[in-house]
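Structure below is my_file.tsv: TSV, C-alpha atoms.
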```tsv
chain	number	residue	atom	x	y	z
C	12	MET	CA	126.80	-4.75	9.55
C	13	GLU	CA	127.61	-2.15	6.92
C	14	ASN	CA	127.62	-4.69	4.06
C	15	ASP	CA	124.14	-6.02	4.93
C	16	LYS	CA	121.53	-4.97	2.39
C	17	ARG	CA	117.97	-4.68	3.64
C	18	GLU	CA	114.89	-3.55	1.83
C	19	GLU	CA	114.01	-0.11	3.14
C	20	PHE	CA	110.62	0.06	4.85
C	21	ARG	CA	108.47	2.88	3.56
C	22	TYR	CA	105.37	3.82	5.49
C	23	ASN	CA	102.22	3.94	3.35
C	24	PRO	CA	99.46	6.04	4.97
C	25	ASP	CA	96.85	4.29	2.82
C	26	VAL	CA	97.60	0.88	4.35
C	27	ASN	CA	95.79	-0.29	7.49
C	28	TYR	CA	98.67	-2.08	9.19
C	29	ASP	CA	96.55	-3.34	12.12
C	30	GLU	CA	94.12	-4.99	9.70
C	31	ALA	CA	97.02	-6.42	7.68
C	32	ILE	CA	98.53	-7.98	10.81
C	33	MET	CA	95.14	-9.38	11.85
C	34	GLN	CA	94.58	-10.80	8.39
C	35	GLN	CA	97.98	-12.48	8.46
C	36	GLN	CA	97.21	-13.92	11.90
C	37	ARG	CA	93.86	-15.27	10.65
C	38	GLN	CA	95.63	-16.85	7.69
C	39	ILE	CA	98.15	-18.55	9.99
C	40	GLU	CA	95.34	-19.82	12.24
C	41	ASN	CA	93.40	-21.13	9.24
C	42	GLU	CA	96.46	-22.97	7.96
C	43	ILE	CA	96.95	-24.60	11.36
C	44	VAL	CA	93.28	-25.60	11.55
C	45	GLU	CA	93.23	-27.02	8.03
C	46	SER	CA	96.30	-29.14	8.77
C	47	GLN	CA	94.27	-31.02	11.41
C	48	PRO	CA	92.02	-33.93	10.34
C	49	LEU	CA	88.30	-33.37	10.85
C	50	ILE	CA	88.26	-36.55	12.95
C	51	GLY	CA	91.48	-38.06	14.28
C	52	ASN	CA	92.52	-41.62	15.00
C	53	LYS	CA	91.78	-43.18	18.37
C	54	GLU	CA	94.77	-42.61	20.65
C	55	GLY	CA	95.73	-43.63	24.16
C	56	LEU	CA	94.83	-40.96	26.68
C	57	SER	CA	98.51	-40.70	27.58
C	58	VAL	CA	98.95	-38.40	24.54
C	59	LEU	CA	97.44	-35.65	26.68
C	60	MET	CA	100.40	-35.93	29.06
C	61	LYS	CA	102.64	-35.01	26.13
C	62	ASP	CA	100.33	-32.14	25.18
C	63	PHE	CA	100.77	-30.70	28.67
C	64	ASP	CA	104.42	-31.52	29.16
C	65	GLY	CA	105.72	-29.40	32.03
C	66	ASP	CA	102.24	-28.22	33.04
C	67	VAL	CA	101.70	-29.73	36.50
C	68	VAL	CA	98.08	-28.55	36.86
C	69	TYR	CA	96.88	-30.10	33.62
C	70	GLN	CA	98.96	-33.26	34.02
C	71	GLU	CA	97.28	-33.94	37.37
C	72	LYS	CA	93.90	-33.53	35.66
C	73	VAL	CA	94.93	-35.96	32.92
C	74	LYS	CA	95.80	-38.52	35.61
C	75	LYS	CA	92.31	-38.11	37.07
C	76	LEU	CA	90.80	-38.51	33.62
C	77	GLN	CA	92.75	-41.74	33.12
C	78	GLU	CA	90.96	-43.27	36.10
C	79	ASN	CA	87.79	-43.54	33.98
C	80	TYR	CA	88.88	-43.29	30.35
C	81	SER	CA	91.47	-45.01	28.17
C	82	PHE	CA	91.25	-43.44	24.73
C	83	LEU	CA	90.77	-40.12	23.00
C	84	ARG	CA	89.74	-39.16	19.47
C	85	ARG	CA	90.56	-35.59	18.49
C	86	THR	CA	88.42	-33.34	16.32
C	87	ARG	CA	89.41	-30.30	14.27
C	88	GLY	CA	89.20	-27.05	16.25
C	89	ASP	CA	87.13	-25.16	13.72
C	90	GLY	CA	84.12	-24.10	15.79
C	91	ASN	CA	82.18	-27.19	14.69
C	92	CYS	CA	83.95	-29.64	16.98
C	93	PHE	CA	80.99	-30.33	19.30
C	94	TYR	CA	78.66	-31.31	16.46
C	95	ARG	CA	81.32	-33.32	14.64
C	96	ALA	CA	82.36	-35.12	17.82
C	97	PHE	CA	78.72	-35.86	18.72
C	98	GLY	CA	77.89	-37.06	15.20
C	99	PHE	CA	80.87	-39.37	14.82
C	100	ALA	CA	80.76	-40.76	18.37
C	101	TYR	CA	77.04	-41.52	18.11
C	102	MET	CA	77.19	-43.14	14.67
C	103	GLU	CA	80.22	-45.16	15.77
C	104	GLN	CA	78.17	-46.41	18.71
C	105	LEU	CA	75.24	-47.26	16.43
C	106	LEU	CA	77.50	-49.69	14.57
C	107	GLN	CA	77.40	-51.83	17.74
C	108	ASP	CA	73.81	-51.17	18.83
C	109	LYS	CA	71.09	-52.20	16.38
C	110	ASN	CA	68.28	-51.48	18.83
C	111	GLU	CA	69.45	-47.89	19.24
C	112	PHE	CA	69.77	-47.57	15.47
C	113	ASN	CA	66.18	-48.80	15.06
C	114	ARG	CA	65.02	-46.21	17.60
C	115	PHE	CA	66.89	-43.32	16.06
C	116	ARG	CA	66.41	-43.87	12.34
C	117	PRO	CA	62.65	-43.13	12.23
C	118	LEU	CA	63.27	-40.03	14.36
C	119	ALA	CA	65.93	-38.84	11.93
C	120	GLU	CA	63.78	-39.65	8.89
C	121	LYS	CA	60.79	-37.58	10.02
C	122	SER	CA	62.93	-34.72	11.37
C	123	LYS	CA	63.05	-33.04	7.95
C	124	ASP	CA	59.26	-32.74	7.79
C	125	GLU	CA	59.21	-31.35	11.32
C	126	LEU	CA	61.74	-28.68	10.33
C	127	VAL	CA	59.62	-27.77	7.30
C	128	THR	CA	56.58	-27.47	9.58
C	129	LEU	CA	58.58	-25.04	11.73
C	130	GLY	CA	59.18	-22.83	8.69
C	131	PHE	CA	62.51	-24.06	7.32
C	132	PRO	CA	62.44	-24.05	3.49
C	133	GLN	CA	62.36	-27.61	2.20
C	134	PHE	CA	64.68	-26.91	-0.73
C	135	THR	CA	67.30	-25.61	1.71
C	136	ILE	CA	67.35	-28.57	4.09
C	137	GLU	CA	66.67	-31.38	1.58
C	138	ASP	CA	70.30	-32.00	0.61
C	139	PHE	CA	71.60	-31.83	4.19
C	140	HIS	CA	68.97	-34.31	5.37
C	141	SER	CA	69.66	-36.60	2.40
C	142	VAL	CA	73.40	-36.80	3.16
C	143	PHE	CA	72.71	-37.31	6.87
C	144	MET	CA	70.38	-40.23	6.09
C	145	GLU	CA	72.83	-41.65	3.53
C	146	ILE	CA	75.59	-41.92	6.14
C	147	LEU	CA	73.15	-43.14	8.78
C	148	ASP	CA	71.94	-45.92	6.46
C	149	LYS	CA	75.53	-46.95	5.74
C	150	VAL	CA	75.86	-47.40	9.50
C	151	GLY	CA	72.63	-49.42	9.52
C	152	ASP	CA	74.01	-51.63	6.76
C	153	GLY	CA	77.03	-52.41	8.94
C	154	CYS	CA	79.79	-50.33	7.38
C	155	SER	CA	83.19	-50.49	9.03
C	156	VAL	CA	84.49	-47.93	11.51
C	157	GLU	CA	87.08	-47.09	8.85
C	158	ASP	CA	84.30	-46.31	6.33
C	159	LEU	CA	82.61	-44.05	8.86
C	160	PHE	CA	85.95	-42.44	9.69
C	161	ASN	CA	86.59	-41.74	6.00
C	162	ALA	CA	83.12	-40.25	5.53
C	163	PHE	CA	83.61	-37.89	8.46
C	164	ASN	CA	86.97	-36.83	7.07
C	165	ASP	CA	85.45	-36.03	3.70
C	166	GLN	CA	84.79	-32.28	4.00
C	167	GLY	CA	81.62	-32.45	1.90
C	168	TYR	CA	79.94	-35.27	3.81
C	169	SER	CA	81.24	-34.18	7.19
C	170	ASP	CA	80.12	-30.56	6.91
C	171	TYR	CA	76.66	-31.58	5.65
C	172	ILE	CA	76.23	-33.74	8.76
C	173	VAL	CA	77.32	-30.83	10.97
C	174	VAL	CA	74.91	-28.48	9.20
C	175	TYR	CA	72.01	-30.88	9.70
C	176	LEU	CA	72.77	-31.30	13.39
C	177	ARG	CA	72.83	-27.50	13.66
C	178	LEU	CA	69.43	-27.37	11.98
C	179	LEU	CA	68.07	-29.94	14.44
C	180	VAL	CA	69.27	-27.75	17.32
C	181	SER	CA	67.76	-24.63	15.75
C	182	GLY	CA	64.45	-26.38	15.16
C	183	HIS	CA	64.27	-27.69	18.71
C	184	LEU	CA	65.10	-24.30	20.21
C	185	GLN	CA	62.38	-22.61	18.15
C	186	LYS	CA	59.86	-25.35	18.88
C	187	GLU	CA	60.52	-25.00	22.63
C	188	ASN	CA	60.85	-21.23	22.38
C	189	GLU	CA	59.16	-20.48	25.70
C	190	PHE	CA	61.61	-22.62	27.68
C	191	TYR	CA	64.83	-21.67	25.89
C	192	SER	CA	64.14	-17.93	25.73
C	193	ASN	CA	65.25	-17.86	29.39
C	194	PHE	CA	68.78	-18.82	28.27
C	195	VAL	CA	69.18	-16.08	25.67
C	196	GLU	CA	70.78	-12.87	26.87
C	197	GLY	CA	69.92	-9.39	25.68
C	198	ASP	CA	66.99	-8.43	23.51
C	199	ARG	CA	67.43	-11.22	20.98
C	200	THR	CA	64.60	-13.57	20.15
C	201	ILE	CA	65.18	-17.31	19.90
C	202	LYS	CA	64.98	-16.99	16.13
C	203	ASP	CA	67.67	-14.27	16.22
C	204	PHE	CA	69.84	-16.46	18.45
C	205	CYS	CA	69.48	-19.42	16.10
C	206	SER	CA	70.31	-17.44	12.98
C	207	GLN	CA	73.34	-15.84	14.65
C	208	GLU	CA	74.70	-18.48	17.05
C	209	VAL	CA	73.40	-21.89	15.97
C	210	GLU	CA	72.93	-22.23	12.23
C	211	PRO	CA	76.17	-20.61	10.92
C	212	MET	CA	79.12	-22.96	10.52
C	213	GLY	CA	82.05	-22.24	12.83
C	214	LYS	CA	79.94	-20.93	15.70
C	215	GLU	CA	81.02	-22.57	18.95
C	216	SER	CA	78.59	-24.42	21.21
C	217	ASP	CA	77.68	-23.89	24.84
C	218	HIS	CA	75.19	-25.41	27.26
C	219	VAL	CA	72.12	-24.28	25.30
C	220	HIS	CA	73.25	-26.06	22.15
C	221	ILE	CA	74.15	-29.23	24.06
C	222	ILE	CA	70.86	-29.34	25.98
C	223	SER	CA	68.95	-28.85	22.74
C	224	LEU	CA	70.78	-31.50	20.70
C	225	THR	CA	70.67	-34.16	23.42
C	226	SER	CA	66.98	-33.44	23.97
C	227	THR	CA	65.89	-33.54	20.33
C	228	THR	CA	67.92	-36.68	19.52
C	229	GLN	CA	67.27	-38.31	22.92
C	230	VAL	CA	70.98	-39.15	23.12
C	231	PRO	CA	72.43	-38.36	26.57
C	232	VAL	CA	76.02	-37.11	26.77
C	233	ARG	CA	78.55	-36.65	29.56
C	234	ILE	CA	80.94	-33.71	29.17
C	235	GLU	CA	84.18	-33.88	31.15
C	236	TYR	CA	85.42	-30.34	31.79
C	237	MET	CA	89.18	-29.86	31.99
C	238	ASP	CA	90.27	-26.30	32.65
C	239	ARG	CA	92.89	-24.51	34.70
C	240	GLY	CA	91.12	-24.69	38.03
C	241	THR	CA	93.32	-25.04	41.09
C	242	ALA	CA	91.83	-28.39	42.07
C	243	SER	CA	93.22	-31.53	40.43
C	244	SER	CA	89.72	-32.97	40.05
C	245	ILE	CA	87.75	-33.10	36.79
C	246	ASN	CA	84.17	-31.89	36.81
C	247	HIS	CA	81.56	-33.45	34.56
C	248	HIS	CA	78.00	-32.64	33.56
C	249	ASP	CA	75.40	-35.03	32.15
C	250	PHE	CA	72.98	-33.77	29.52
C	251	PRO	CA	70.11	-34.09	30.30
C	252	ASP	CA	70.57	-33.93	34.07
C	253	GLY	CA	70.30	-37.31	35.75
C	254	SER	CA	70.59	-39.29	32.51
C	255	ASN	CA	72.76	-42.33	31.81
C	256	PRO	CA	75.22	-41.04	29.21
C	257	GLN	CA	75.72	-42.88	25.94
C	258	LEU	CA	78.54	-40.64	24.70
C	259	TYR	CA	81.52	-39.06	26.47
C	260	LEU	CA	83.19	-35.85	25.35
C	261	LEU	CA	86.17	-33.95	26.72
C	262	TYR	CA	85.88	-30.17	26.89
C	263	ARG	CA	88.94	-27.98	27.07
C	264	PRO	CA	88.33	-24.24	26.76
C	265	GLY	CA	86.80	-23.72	23.32
C	266	HIS	CA	87.14	-27.32	22.13
C	267	TYR	CA	85.52	-30.80	22.29
C	268	ASP	CA	87.11	-34.22	21.69
C	269	ILE	CA	85.71	-37.74	22.02
C	270	LEU	CA	86.47	-39.92	25.06
C	271	TYR	CA	86.32	-43.72	25.33
C	272	MET	CA	86.25	-45.92	28.40
```

Encoding of this model in structure tokens:
Amino acid sequence: MENDKREEFRYNPDVNYDEAIMQQQRQIENEIVESQPLIGNKEGLSVLMKDFDGDVVYQEKVKKLQENYSFLRRTRGDGNCFYRAFGFAYMEQLLQDKNEFNRFRPLAEKSKDELVTLGFPQFTIEDFHSVFMEILDKVGDGCSVEDLFNAFNDQGYSDYIVVYLRLLVSGHLQKENEFYSNFVEGDRTIKDFCSQEVEPMGKESDHVHIISLTSTTQVPVRIEYMDRGTASSINHHDFPDGSNPQLYLLYRPGHYDILYM
């Protein structure tokens, strides 16, 4: 209308409008991510039906998933979700399994020295290992699930645990360089791959990372894959192959959550 007053747009040739739009989009995405808890509450699996309201393909897959699982625990979609889901799910299980705790604690304790032997600087990994062991020992002392939940939702503690799990993966890949080099594409060395795709926070995980972490911790995991395939079935993969899984994770393109029977 004629009486409407609008600020006149003036084109500025010195402004990169594409970059400005991308920066705004990144800011919006970051705000969405940061509004999500690092680890969510345990919810009935039926919440996924609401997530996919009106999507027949995914709702059929949720029904299949409900045949074997009852609960879901969400993780923040920040590129660290696999490590955070693995760490929380495993430590939560250790609260109920003293024998497994007694097996894993010595392995975790000596892992720092093994990383140093592989060339990681001790002063760099000391703090991450210390926090990891601090939370692990709280589990060994019988802390509550709520205490563990709060620790994993404390950004400082939670990110240190994720970093240390990333370091364990990097160390294992470099230790077993000859085997894992077959999985790395291009001209990159395993060390290059680790510094670019494993150690940095926010880098997403694929099969190589999962194989490495389950191998070095000796903690088998089943991943249930839910994508937009035409079939209503859900495919799963056990890491390592043929193992009896201790943990169950749900993978949707680009993201991992925790599943419970």

Could you list, as a JSON list (two decimals) with C-alpha atoms, in the coordinates of the input, every residue within 8 Å of Tyr262 of chain C, counting only C-alpha atoms and ignoring same-chain residues fewer than 4 positions away?
```json
[["chain", "number", "residue", "atom", "x", "y", "z"],
["C", 234, "ILE", "CA", 80.94, -33.71, 29.17],
["C", 235, "GLU", "CA", 84.18, -33.88, 31.15],
["C", 236, "TYR", "CA", 85.42, -30.34, 31.79],
["C", 237, "MET", "CA", 89.18, -29.86, 31.99],
["C", 266, "HIS", "CA", 87.14, -27.32, 22.13],
["C", 267, "TYR", "CA", 85.52, -30.80, 22.29],
["C", 268, "ASP", "CA", 87.11, -34.22, 21.69]]
```

Subject >> Residue among C:Leu83, C:Leu76, C:Val195, C:Val174 lying closest to Val58 of chain C, counting only C-alpha atoms >> reply: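 Closest to Val58 of chain C of all the choices is C:Leu83.
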
Original post:
Which polymer residues have any atom within 9 Å of an atom of Met212 of chain C, counting only C-alpha atoms, with same-chain residues fewer than 5 positions away left out, as a ChimeraX atom specification?
Top reply: /C:89-91,170,173-174,177

**OP:** One decimal, Å: what's the distance from atom CA of Thr228 of chain C over to atom CA of Gly98 of chain C, could you say?
**Re:**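 Taking atom CA of Thr228 of chain C as the start and atom CA of Gly98 of chain C as the end point, the length is 10.9 Å.
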
Subject >> Among listed residues C:Leu49, C:Leu59, C:Lys123, C:Val73, nearest Tyr168 of chain C (using only C-alpha atoms) >> reply: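 Going through C:Leu49, C:Leu59, C:Lys123, C:Val73 one by one, the smallest distance to Tyr168 of chain C is for C:Leu49.
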
**OP:** List the residues sitting within 12 Å of (74.4, -20.7, 19.9) in the file's frame, using all atoms listed in the file, as a ChimeraX atom specification.
**Re:** /C:90-91,93-94,177-178,180-181,184,191,194-196,199,201-224

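Here the question is which of C:Ser226, C:Thr200, C:Ser155, C:Ser254 gets nearest to Glu103 of chain C using only C-alpha atoms, and that residue is C:Ser155.
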
**OP:** Counting all atoms listed in the file, find the residues whose atoms lie at most 6 Å from (76.6, -31.9, 32.2) (file coordinates) and write them out as an NGL selection string.
**Re:** :C and (233-234 or 247-250)

**OP:** List the neighbours of Phe63 of chain C out to 12 Å using all atoms listed in the file; skip same-chain residues closer than 4 positions along the sequence, and give me the result as a ChimeraX atom specification.
**Re:** /C:57-59,67-74,239

Original post:
Lys149 of chain C: which residues within 9 Å, counting all atoms listed in the file, same-chain residues fewer than 4 positions away excluded, as a list in words?
Top reply: Met144, Glu145, Gly153, Cys154, Asp158 and Leu159 of chain C

Original post:
Using all atoms listed in the file, which residues sit within 9 Å of Tyr171 of chain C once same-chain residues fewer than 6 positions away are excluded, as number ranges by chain?
Top reply: C: 138-140, 142-143
